[in-house]
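Colleague: One file is attached below, structure-v3.csv, containing CSV, C-alpha atoms and all ligand atoms.
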```csv
chain,number,residue,atom,x,y,z
D,1,MET,CA,29.5,47.4,54.3
D,2,ALA,CA,32.8,47.8,56.1
D,3,ASP,CA,35.9,46.4,54.4
D,4,ALA,CA,36.9,42.8,55.3
D,5,LYS,CA,39.1,42.0,58.3
D,6,ILE,CA,42.7,41.4,56.9
D,7,ILE,CA,43.9,38.1,58.2
D,8,ASP,CA,47.5,38.7,59.3
D,9,GLY,CA,49.3,35.5,58.4
D,10,LYS,CA,52.6,37.0,59.1
D,11,ALA,CA,51.7,37.8,62.7
D,12,PHE,CA,50.0,34.4,63.3
D,13,ALA,CA,53.0,32.7,61.8
D,14,ALA,CA,55.3,34.6,64.1
D,15,GLY,CA,53.3,33.4,67.1
D,16,LEU,CA,53.3,29.8,65.8
D,17,ARG,CA,57.0,29.9,65.3
D,18,ALA,CA,57.4,31.1,68.9
D,19,ARG,CA,55.3,28.2,70.1
D,20,VAL,CA,57.4,25.8,68.0
D,21,ALA,CA,60.6,27.3,69.5
D,22,ASP,CA,59.1,26.5,73.0
D,23,GLY,CA,58.3,23.0,71.9
D,24,VAL,CA,61.9,22.5,70.6
D,25,ALA,CA,63.3,23.7,73.9
D,26,ALA,CA,61.0,21.4,75.8
D,27,LEU,CA,61.9,18.4,73.7
D,28,LYS,CA,65.6,19.1,74.2
D,29,ALA,CA,65.1,19.3,78.0
D,30,SER,CA,62.9,16.2,78.3
D,31,HIS,CA,64.5,13.9,75.8
D,32,GLY,CA,67.8,15.4,74.8
D,33,VAL,CA,66.7,15.5,71.2
D,34,THR,CA,67.2,18.5,68.8
D,35,PRO,CA,64.7,18.4,65.8
D,36,GLY,CA,66.5,18.4,62.5
D,37,LEU,CA,65.3,19.0,58.9
D,38,ALA,CA,67.2,18.1,55.8
D,39,VAL,CA,66.5,20.5,52.9
D,40,VAL,CA,67.4,19.1,49.5
D,41,LEU,CA,67.7,21.6,46.6
D,42,VAL,CA,68.5,20.3,43.2
D,43,GLY,CA,69.7,23.0,40.7
D,44,GLU,CA,69.9,26.8,40.7
D,45,ASP,CA,66.3,28.0,40.3
D,46,PRO,CA,66.5,31.5,41.9
D,47,ALA,CA,63.0,31.4,43.5
D,48,SER,CA,63.8,28.0,45.0
D,49,GLN,CA,67.0,29.3,46.4
D,50,VAL,CA,65.2,32.1,48.2
D,51,TYR,CA,62.6,29.8,49.7
D,52,VAL,CA,65.2,27.3,50.8
D,53,LYS,CA,67.2,30.1,52.5
D,54,SER,CA,64.2,31.3,54.4
D,55,LYS,CA,63.4,27.7,55.6
D,56,GLU,CA,67.0,27.3,56.8
D,57,ARG,CA,67.0,30.6,58.6
D,58,ALA,CA,63.7,29.7,60.3
D,59,LEU,CA,65.1,26.4,61.5
D,60,VAL,CA,68.2,28.0,63.1
D,61,GLU,CA,66.1,30.7,64.7
D,62,LEU,CA,63.8,28.1,66.3
D,63,GLY,CA,66.8,26.1,67.7
D,64,MET,CA,66.5,23.2,65.2
D,65,ASN,CA,69.2,21.6,63.1
D,66,SER,CA,69.3,22.4,59.4
D,67,PHE,CA,71.0,19.9,57.1
D,68,ASP,CA,71.5,21.6,53.8
D,69,HIS,CA,72.0,19.5,50.7
D,70,HIS,CA,72.5,21.7,47.6
D,71,GLU,CA,73.0,19.5,44.5
D,72,ALA,CA,73.8,20.1,40.9
D,73,ALA,CA,71.0,20.5,38.4
D,74,ASP,CA,72.2,17.5,36.4
D,75,MET,CA,72.4,15.2,39.4
D,76,ALA,CA,71.4,11.6,38.5
D,77,GLU,CA,68.0,10.4,39.8
D,78,ALA,CA,69.8,7.3,41.3
D,79,ASP,CA,72.1,9.6,43.3
D,80,LEU,CA,69.1,11.6,44.6
D,81,LEU,CA,67.5,8.3,45.7
D,82,ALA,CA,70.7,7.3,47.4
D,83,LEU,CA,70.9,10.6,49.2
D,84,ILE,CA,67.3,10.1,50.5
D,85,ASP,CA,68.2,6.6,51.7
D,86,ARG,CA,71.1,8.1,53.7
D,87,LEU,CA,68.8,10.8,55.2
D,88,ASN,CA,66.1,8.1,56.0
D,89,ALA,CA,68.7,6.2,57.9
D,90,ASP,CA,70.2,9.2,59.8
D,91,PRO,CA,68.7,9.4,63.3
D,92,ALA,CA,69.6,13.2,63.6
D,93,VAL,CA,67.3,13.9,60.6
D,94,HIS,CA,63.6,14.0,61.7
D,95,GLY,CA,62.3,15.6,58.5
D,96,ILE,CA,63.2,15.6,54.9
D,97,LEU,CA,62.1,18.2,52.4
D,98,VAL,CA,62.9,17.9,48.7
D,99,GLN,CA,62.3,21.3,47.2
D,100,LEU,CA,59.9,21.2,44.2
D,101,PRO,CA,59.9,21.5,41.3
D,102,LEU,CA,62.7,19.1,40.5
D,103,PRO,CA,64.6,19.1,37.1
D,104,LYS,CA,62.7,17.3,34.4
D,105,HIS,CA,64.9,14.3,34.1
D,106,ILE,CA,63.9,13.3,37.7
D,107,ASP,CA,60.7,11.5,38.4
D,108,THR,CA,59.1,13.5,41.3
D,109,GLN,CA,56.7,10.8,42.4
D,110,LYS,CA,59.5,8.3,42.6
D,111,ILE,CA,61.5,10.6,44.8
D,112,LEU,CA,58.6,11.5,47.1
D,113,ALA,CA,57.8,7.8,47.5
D,114,ARG,CA,61.4,7.1,48.7
D,115,ILE,CA,61.1,9.5,51.7
D,116,ALA,CA,60.3,7.5,54.9
D,117,PRO,CA,56.6,8.6,55.6
D,118,GLU,CA,57.5,9.5,59.2
D,119,LYS,CA,60.2,11.9,58.0
D,120,ASP,CA,58.0,13.4,55.2
D,121,ALA,CA,57.9,17.0,56.6
D,122,ASP,CA,56.0,18.2,53.5
D,123,GLY,CA,53.3,15.6,53.9
D,124,PHE,CA,53.5,14.7,50.2
D,125,HIS,CA,54.1,10.9,50.5
D,126,VAL,CA,51.1,8.8,49.4
D,127,VAL,CA,51.0,7.2,52.9
D,128,ASN,CA,50.4,10.6,54.5
D,129,ALA,CA,48.0,11.7,51.8
D,130,GLY,CA,46.1,8.4,52.3
D,131,LEU,CA,46.0,8.8,56.1
D,132,LEU,CA,44.6,12.3,55.7
D,133,ALA,CA,42.1,11.3,53.0
D,134,THR,CA,40.8,8.4,55.2
D,135,GLY,CA,40.7,10.6,58.3
D,136,GLN,CA,43.2,8.6,60.3
D,137,PRO,CA,45.4,10.0,63.0
D,138,GLY,CA,49.2,10.3,62.5
D,139,ALA,CA,49.1,11.9,59.1
D,140,ILE,CA,51.7,14.6,58.4
D,141,VAL,CA,49.6,17.3,56.8
D,142,PRO,CA,51.0,19.4,53.9
D,143,CYS,CA,52.2,22.8,55.2
D,144,THR,CA,50.1,25.2,53.1
D,145,PRO,CA,46.7,23.5,53.7
D,146,LEU,CA,47.6,23.1,57.4
D,147,GLY,CA,48.5,26.8,57.7
D,148,SER,CA,45.3,27.8,55.8
D,149,LEU,CA,43.2,25.8,58.2
D,150,LEU,CA,44.9,27.4,61.2
D,151,LEU,CA,44.1,30.8,59.8
D,152,ILE,CA,40.4,29.8,59.1
D,153,ARG,CA,40.0,28.6,62.7
D,154,ASP,CA,41.6,31.7,64.0
D,155,THR,CA,39.1,33.7,62.1
D,156,LEU,CA,35.9,31.6,62.5
D,157,GLY,CA,36.6,29.6,65.6
D,158,HIS,CA,37.1,25.8,65.8
D,159,ASP,CA,33.6,24.8,64.9
D,160,LEU,CA,33.3,24.9,61.1
D,161,LYS,CA,30.4,22.5,61.1
D,162,GLY,CA,28.0,22.9,58.1
D,163,LYS,CA,29.8,25.7,56.5
D,164,ARG,CA,30.0,25.7,52.7
D,165,ALA,CA,33.7,25.6,51.7
D,166,LEU,CA,34.9,25.9,48.1
D,167,VAL,CA,38.5,25.0,47.3
D,168,LEU,CA,39.6,26.3,43.9
D,169,GLY,CA,42.4,24.1,42.5
D,170,ARG,CA,42.9,20.3,42.7
D,171,SER,CA,46.7,19.9,43.2
D,172,ASN,CA,48.0,17.1,45.4
D,173,ILE,CA,50.0,19.6,47.4
D,174,VAL,CA,47.2,22.2,48.2
D,175,GLY,CA,43.7,21.7,46.7
D,176,LYS,CA,43.1,18.0,47.6
D,177,PRO,CA,44.6,18.0,51.1
D,178,MET,CA,42.8,21.3,51.8
D,179,ALA,CA,39.5,19.7,50.8
D,180,HIS,CA,40.1,16.8,53.0
D,181,LEU,CA,40.9,19.0,56.0
D,182,LEU,CA,37.7,21.0,55.6
D,183,LEU,CA,35.7,17.8,55.1
D,184,GLN,CA,37.3,16.5,58.3
D,185,ALA,CA,36.1,19.7,60.0
D,186,ASP,CA,32.5,18.9,58.9
D,187,CYS,CA,32.3,21.5,56.2
D,188,THR,CA,30.3,20.8,53.0
D,189,VAL,CA,33.1,20.9,50.5
D,190,THR,CA,33.2,21.6,46.8
D,191,LEU,CA,36.5,21.0,45.0
D,192,ALA,CA,36.4,23.2,41.9
D,193,HIS,CA,39.0,23.5,39.1
D,194,SER,CA,39.6,24.7,35.5
D,195,ARG,CA,36.9,22.5,34.1
D,196,THR,CA,34.2,23.5,36.6
D,197,VAL,CA,31.1,24.8,34.9
D,198,ASP,CA,30.2,28.3,36.2
D,199,LEU,CA,33.0,28.8,38.6
D,200,ALA,CA,31.8,32.3,39.7
D,201,GLU,CA,28.4,30.9,40.7
D,202,GLU,CA,30.1,28.0,42.7
D,203,CYS,CA,32.3,30.5,44.5
D,204,ARG,CA,29.3,32.8,45.4
D,205,ARG,CA,27.8,30.0,47.5
D,206,ALA,CA,31.0,29.6,49.7
D,207,ASP,CA,31.2,30.7,53.3
D,208,ILE,CA,34.9,29.7,53.1
D,209,LEU,CA,36.7,30.2,49.8
D,210,VAL,CA,40.3,28.9,49.4
D,211,ALA,CA,41.9,29.9,46.1
D,212,ALA,CA,44.9,27.8,45.0
D,213,VAL,CA,45.1,27.9,41.2
D,214,GLY,CA,48.1,30.0,40.4
D,215,ARG,CA,46.3,32.5,38.2
D,216,PRO,CA,46.9,36.1,39.1
D,217,GLU,CA,43.7,37.8,40.4
D,218,MET,CA,41.4,35.3,38.8
D,219,VAL,CA,38.8,35.4,41.6
D,220,ARG,CA,36.9,38.7,41.2
D,221,GLY,CA,35.0,40.7,43.9
D,222,ASP,CA,31.6,39.7,42.5
D,223,TRP,CA,32.5,36.0,42.9
D,224,ILE,CA,32.6,36.3,46.6
D,225,LYS,CA,29.6,35.8,49.0
D,226,PRO,CA,29.3,38.9,51.2
D,227,GLY,CA,30.9,38.2,54.6
D,228,ALA,CA,32.8,35.1,53.4
D,229,THR,CA,36.3,34.1,54.7
D,230,VAL,CA,38.7,34.2,51.7
D,231,ILE,CA,42.1,32.4,51.9
D,232,ASP,CA,44.3,33.3,49.0
D,233,VAL,CA,47.0,30.7,48.5
D,234,GLY,CA,48.3,32.1,45.2
D,235,ILE,CA,51.7,33.7,44.9
D,236,ASN,CA,52.1,35.2,41.4
D,237,ARG,CA,54.9,37.5,40.4
D,238,VAL,CA,53.5,40.0,37.8
D,239,PRO,CA,54.9,43.2,36.2
D,240,ALA,CA,54.6,46.2,38.6
D,241,ALA,CA,51.5,48.2,37.9
D,242,ASP,CA,53.2,51.5,38.7
D,243,PRO,CA,55.3,52.7,35.8
D,244,ALA,CA,57.4,54.7,38.3
D,245,ALA,CA,58.7,51.4,39.6
D,246,GLY,CA,60.8,51.1,36.4
D,247,PRO,CA,61.1,48.4,33.8
D,248,GLY,CA,61.5,44.8,34.8
D,249,LYS,CA,60.1,45.5,38.3
D,250,THR,CA,57.6,43.0,39.6
D,251,ARG,CA,55.1,42.7,42.5
D,252,LEU,CA,53.3,39.7,44.1
D,253,VAL,CA,49.6,39.2,43.7
D,254,GLY,CA,47.4,36.3,44.8
D,255,ASP,CA,44.7,34.3,42.9
D,256,VAL,CA,42.1,36.8,44.3
D,257,ALA,CA,41.6,40.4,43.1
D,258,PHE,CA,42.3,41.8,46.6
D,259,ALA,CA,41.1,45.4,46.1
D,260,GLU,CA,37.7,44.1,44.9
D,261,ALA,CA,37.4,41.2,47.3
D,262,VAL,CA,38.2,43.2,50.4
D,263,LYS,CA,35.0,45.2,49.8
D,264,VAL,CA,32.8,42.1,49.9
D,265,ALA,CA,34.5,39.4,52.1
D,266,GLY,CA,34.2,39.2,55.9
D,267,ALA,CA,37.9,38.3,56.2
D,268,ILE,CA,40.7,37.9,53.7
D,269,THR,CA,44.4,37.0,53.6
D,270,PRO,CA,46.7,39.4,51.8
D,271,VAL,CA,49.5,38.4,49.4
D,272,PRO,CA,52.2,38.7,50.6
D,273,GLY,CA,51.8,38.3,54.3
D,274,GLY,CA,49.0,35.8,54.4
D,275,VAL,CA,49.4,32.1,53.7
D,276,GLY,CA,53.1,32.2,52.6
D,277,PRO,CA,54.5,32.8,56.1
D,278,MET,CA,52.2,30.1,57.5
D,279,THR,CA,53.6,27.5,55.0
D,280,ILE,CA,57.1,28.0,56.5
D,281,ALA,CA,55.9,28.1,60.1
D,282,CYS,CA,53.9,24.8,59.5
D,283,LEU,CA,57.0,23.2,58.1
D,284,MET,CA,58.7,24.0,61.4
D,285,LEU,CA,55.7,22.6,63.2
D,286,ASN,CA,55.8,19.4,61.2
D,287,THR,CA,59.5,18.9,61.8
D,288,LEU,CA,59.0,19.3,65.6
D,289,ALA,CA,56.1,16.9,65.5
D,290,ALA,CA,58.2,14.3,63.6
D,291,ALA,CA,61.0,14.7,66.2
D,292,CYS,CA,58.4,14.3,69.0
D,293,ARG,CA,57.0,11.2,67.4
D,294,ALA,CA,60.5,9.7,66.9
D,295,ALA,CA,61.4,10.4,70.6
D,296,GLY,CA,58.1,9.1,72.0
D,297,ALA,CA,57.1,12.5,73.2
D,298,PRO,CA,53.6,14.1,72.9
D,299,ILE,CA,52.8,15.8,69.6
D,300,PRO,CA,52.1,19.6,69.6
D,301,ALA,CA,48.3,20.1,69.5
D,302,GLU,CA,48.3,22.2,66.4
D,303,ALA,CA,50.0,19.4,64.4
D,304,ALA,CA,47.8,16.6,65.8
D,305,LEU,CA,44.6,17.2,63.9
D,401,LIG,N1,58.9,20.6,48.8
D,401,LIG,C1,58.4,21.8,48.7
D,401,LIG,N2,57.8,22.3,49.8
D,401,LIG,C2,57.3,23.6,49.8
D,401,LIG,O1,56.6,24.0,50.8
D,401,LIG,C3,57.5,24.4,48.6
D,401,LIG,C4,58.2,23.8,47.6
D,401,LIG,N3,58.7,22.5,47.7
D,401,LIG,N4,58.4,24.6,46.5
D,401,LIG,C5,58.1,25.9,46.4
D,401,LIG,C6,56.8,26.3,47.2
D,401,LIG,C7,56.6,27.7,47.5
D,401,LIG,N5,56.7,27.8,48.9
D,401,LIG,C8,56.5,29.1,49.6
D,401,LIG,C9,56.8,29.2,51.0
D,401,LIG,C10,56.7,30.4,51.6
D,401,LIG,C11,56.4,31.6,50.9
D,401,LIG,C12,56.4,32.9,51.6
D,401,LIG,O2,56.7,33.0,52.7
D,401,LIG,N6,56.0,34.0,50.9
D,401,LIG,C13,55.9,35.3,51.4
D,401,LIG,C14,56.5,36.3,50.4
D,401,LIG,C15,57.8,35.9,49.7
D,401,LIG,C16,58.3,36.9,48.7
D,401,LIG,O3,58.2,38.1,49.0
D,401,LIG,O4,58.7,36.5,47.6
D,401,LIG,C17,54.5,35.8,51.6
D,401,LIG,O5,53.6,35.3,51.0
D,401,LIG,O6,54.3,36.7,52.4
D,401,LIG,C18,56.1,31.4,49.6
D,401,LIG,C19,56.2,30.2,48.9
D,401,LIG,C20,56.9,26.6,49.5
D,401,LIG,N7,57.0,25.7,48.5
```
Rewrite the structure from the file as structure tokens, please.
Ligand SMILES: Nc1nc(=O)c2c([nH]1)NC[C@@H]1CN(c3ccc(C(=O)N[C@@H](CCC(=O)O)C(=O)O)cc3)C=[N+]21

Modeller:
Amino acid sequence: MADAKIIDGKAFAAGLRARVADGVAALKASHGVTPGLAVVLVGEDPASQVYVKSKERALVELGMNSFDHHEAADMAEADLLALIDRLNADPAVHGILVQLPLPKHIDTQKILARIAPEKDADGFHVVNAGLLATGQPGAIVPCTPLGSLLLIRDTLGHDLKGKRALVLGRSNIVGKPMAHLLLQADCTVTLAHSRTVDLAEECRRADILVAAVGRPEMVRGDWIKPGATVIDVGINRVPAADPAAGPGKTRLVGDVAFAEAVKVAGAITPVPGGVGPMTIACLMLNTLAAACRAAGAPIPAEAAL
């Protein structure tokens, strides 16, 4: 069988960002509103700093306002809550993102609960999770599952009715919302995890396999149903395989053993260049949608599921 089609998340994300930029310009022209996202980073984690920078760059490129709040690692929880209250009350701020993970002395659920649900650009607030889980309109959908669904639809078309979907990983930020989105799309959904009995056998039944466990190359080629669509959400930094790269060098791999899986799957996302760029593009989309909602303008179709 021919190798799988490589799903180019980077290219799809570039197209989506261009559509968001058009939406931003249209909202400015029609309502005089510039969408704004506040990005809150607590501490100095190097990976978080890289992610936050790429979000801020994307905002500016798309004509949106970026409100950057970089706080000390030992910031008091009460001060972070007070900052969120100020951002909730600021009409120029349409979306608020608190970069995770937070330092250990801060209660993440308490912080997420403080964000006004209509400004929750990440879709992590329990109100948005609940709207999605109950299939109600108006939910802000978490960026990574939303981006994954857009790639699945681009590959298989809009009608996913009756397909067997397996989501590997049950986190609140990826696995659970992904399962709800696929259920909403009339798939038969299995939500598998570290305690699932015979994971390989469960995976082999899946027409759509979404891997989001954070274990490098855990899903092997022989776990995949021939022709399946494989969405690899994992971003794992591992030591470089090539000794010529030198000591301390790393590379990114997904949760799927790509070289094996590409021989079996029908379509597969690479890492990097797959789901990662979609996450940031969907954050831009969610911010635009929040600004549209606040202004009483129509919501972009891709964000209104
Ligand atoms: N409140 C919050 N919201 C988030 O959305 C959030 C977060 N916290 N904490 C950290 C994770 C991680 N995350 C990524 C986004 C883009 C790429 C991305 O674009 N990755 C590139 C490669 C990047 C590289 O080369 O290192 C790719 O896959 O092609 C990766 C990871 C968002 N996160």

Colleague: Give me, as an MDAnalysis selection string, the set of residues whose atoms come within 8 Å of any atom of ligand LIG 401 (chain D), counting all atoms listed in the file.

Modeller: chainID D and resid 9:10 47:48 50:51 54 97:101 122 142:144 235 252 271:280 283

Colleague: Which residues come within 12 Å of Ala301 (chain D), counting all atoms listed in the file, excluding same-chain residues fewer than 3 positions away, as a ChimeraX atom specification?

Modeller: /D:16,19-20,23,150,285-286,288-289,292,298,304-305

Colleague: For CA of Ala259 (chain D) and CA of Asp198 (chain D), determine how far apart the two atoms are, in Å to one decimal place.

Modeller: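 For CA of Ala259 (chain D) relative to CA of Asp198 (chain D), the distance reads 22.6 Å.
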
Colleague: Find the residues around Ala18 (chain D) up to 12 Å (only C-alpha atoms counted), leave out those fewer than 2 positions away in its own chain, and share them as an MDAnalysis selection string.

Modeller: chainID D and resid 11:16 20:25 58:59 61:63 281:282 284:285

Colleague: Can you work out which one of D:Asp232, D:Asp159, D:Glu56, D:Asp45 has the shortest atom-to-atom distance to Leu102 (chain D), counting only C-alpha atoms?

Modeller: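 Comparing D:Asp232, D:Asp159, D:Glu56, D:Asp45 against Leu102 (chain D), the winner is D:Asp45.
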
Colleague: Can you pull out every residue within 12 Å of Leu81 (chain D), counting only C-alpha atoms, but drop anything in the same chain fewer than 5 positions away, and send it as a PyMOL selection string?

Modeller: chain D and resi 40+75-76+86-88+98+106-116

Colleague: Around the point (76.0, 16.9, 48.1) in the file's coordinates, collect all residues with an atom within 12 Å, using only C-alpha atoms, and return them as a VMD selection string.

Modeller: chain D and resid 38 to 43 67 to 73 75 to 76 79 to 80 82 to 84 86 to 87

Colleague: When you draw a straight line from CA of Pro270 (chain D) to CA of Pro145 (chain D), how long is it in Å?

Modeller: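 Taking CA of Pro270 (chain D) and CA of Pro145 (chain D), their separation equals 16.0 Å.
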
Colleague: For a quick check of understanding, using all atoms listed in the file, which of D:Thr287, D:Gln136, D:Asn65, D:Ser148 has the smallest distance to Thr229 (chain D)?

Modeller: D:Ser148

Colleague: As an exercise, work out the distance from CA of Ile140 (chain D) to CA of Asn128 (chain D) in Å and give it to one decimal place.

Modeller: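 Atom-to-atom, CA of Ile140 (chain D) and CA of Asn128 (chain D) are spaced 5.7 Å apart.
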
Colleague: Pick out the residues sitting within 9 Å of Val230 (chain D), and hand them over as a PDB file with C-alpha atoms, keeping the file's coordinate frame; count all atoms listed in the file, and ignore anything fewer than 6 positions along from it in its own chain.

Modeller:
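Output contents, as saved in out33.pdb:
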```
ATOM      1  CA  ILE D 152      40.400  29.800  59.100  1.00  0.00           C
ATOM      2  CA  ASP D 207      31.200  30.700  53.300  1.00  0.00           C
ATOM      3  CA  ILE D 208      34.900  29.700  53.100  1.00  0.00           C
ATOM      4  CA  LEU D 209      36.700  30.200  49.800  1.00  0.00           C
ATOM      5  CA  VAL D 210      40.300  28.900  49.400  1.00  0.00           C
ATOM      6  CA  ALA D 211      41.900  29.900  46.100  1.00  0.00           C
ATOM      7  CA  ILE D 224      32.600  36.300  46.600  1.00  0.00           C
ATOM      8  CA  VAL D 256      42.100  36.800  44.300  1.00  0.00           C
ATOM      9  CA  ALA D 261      37.400  41.200  47.300  1.00  0.00           C
ATOM     10  CA  ALA D 265      34.500  39.400  52.100  1.00  0.00           C
ATOM     11  CA  GLY D 266      34.200  39.200  55.900  1.00  0.00           C
ATOM     12  CA  ALA D 267      37.900  38.300  56.200  1.00  0.00           C
ATOM     13  CA  ILE D 268      40.700  37.900  53.700  1.00  0.00           C
ATOM     14  CA  THR D 269      44.400  37.000  53.600  1.00  0.00           C
TER      15      THR D 269
END
```
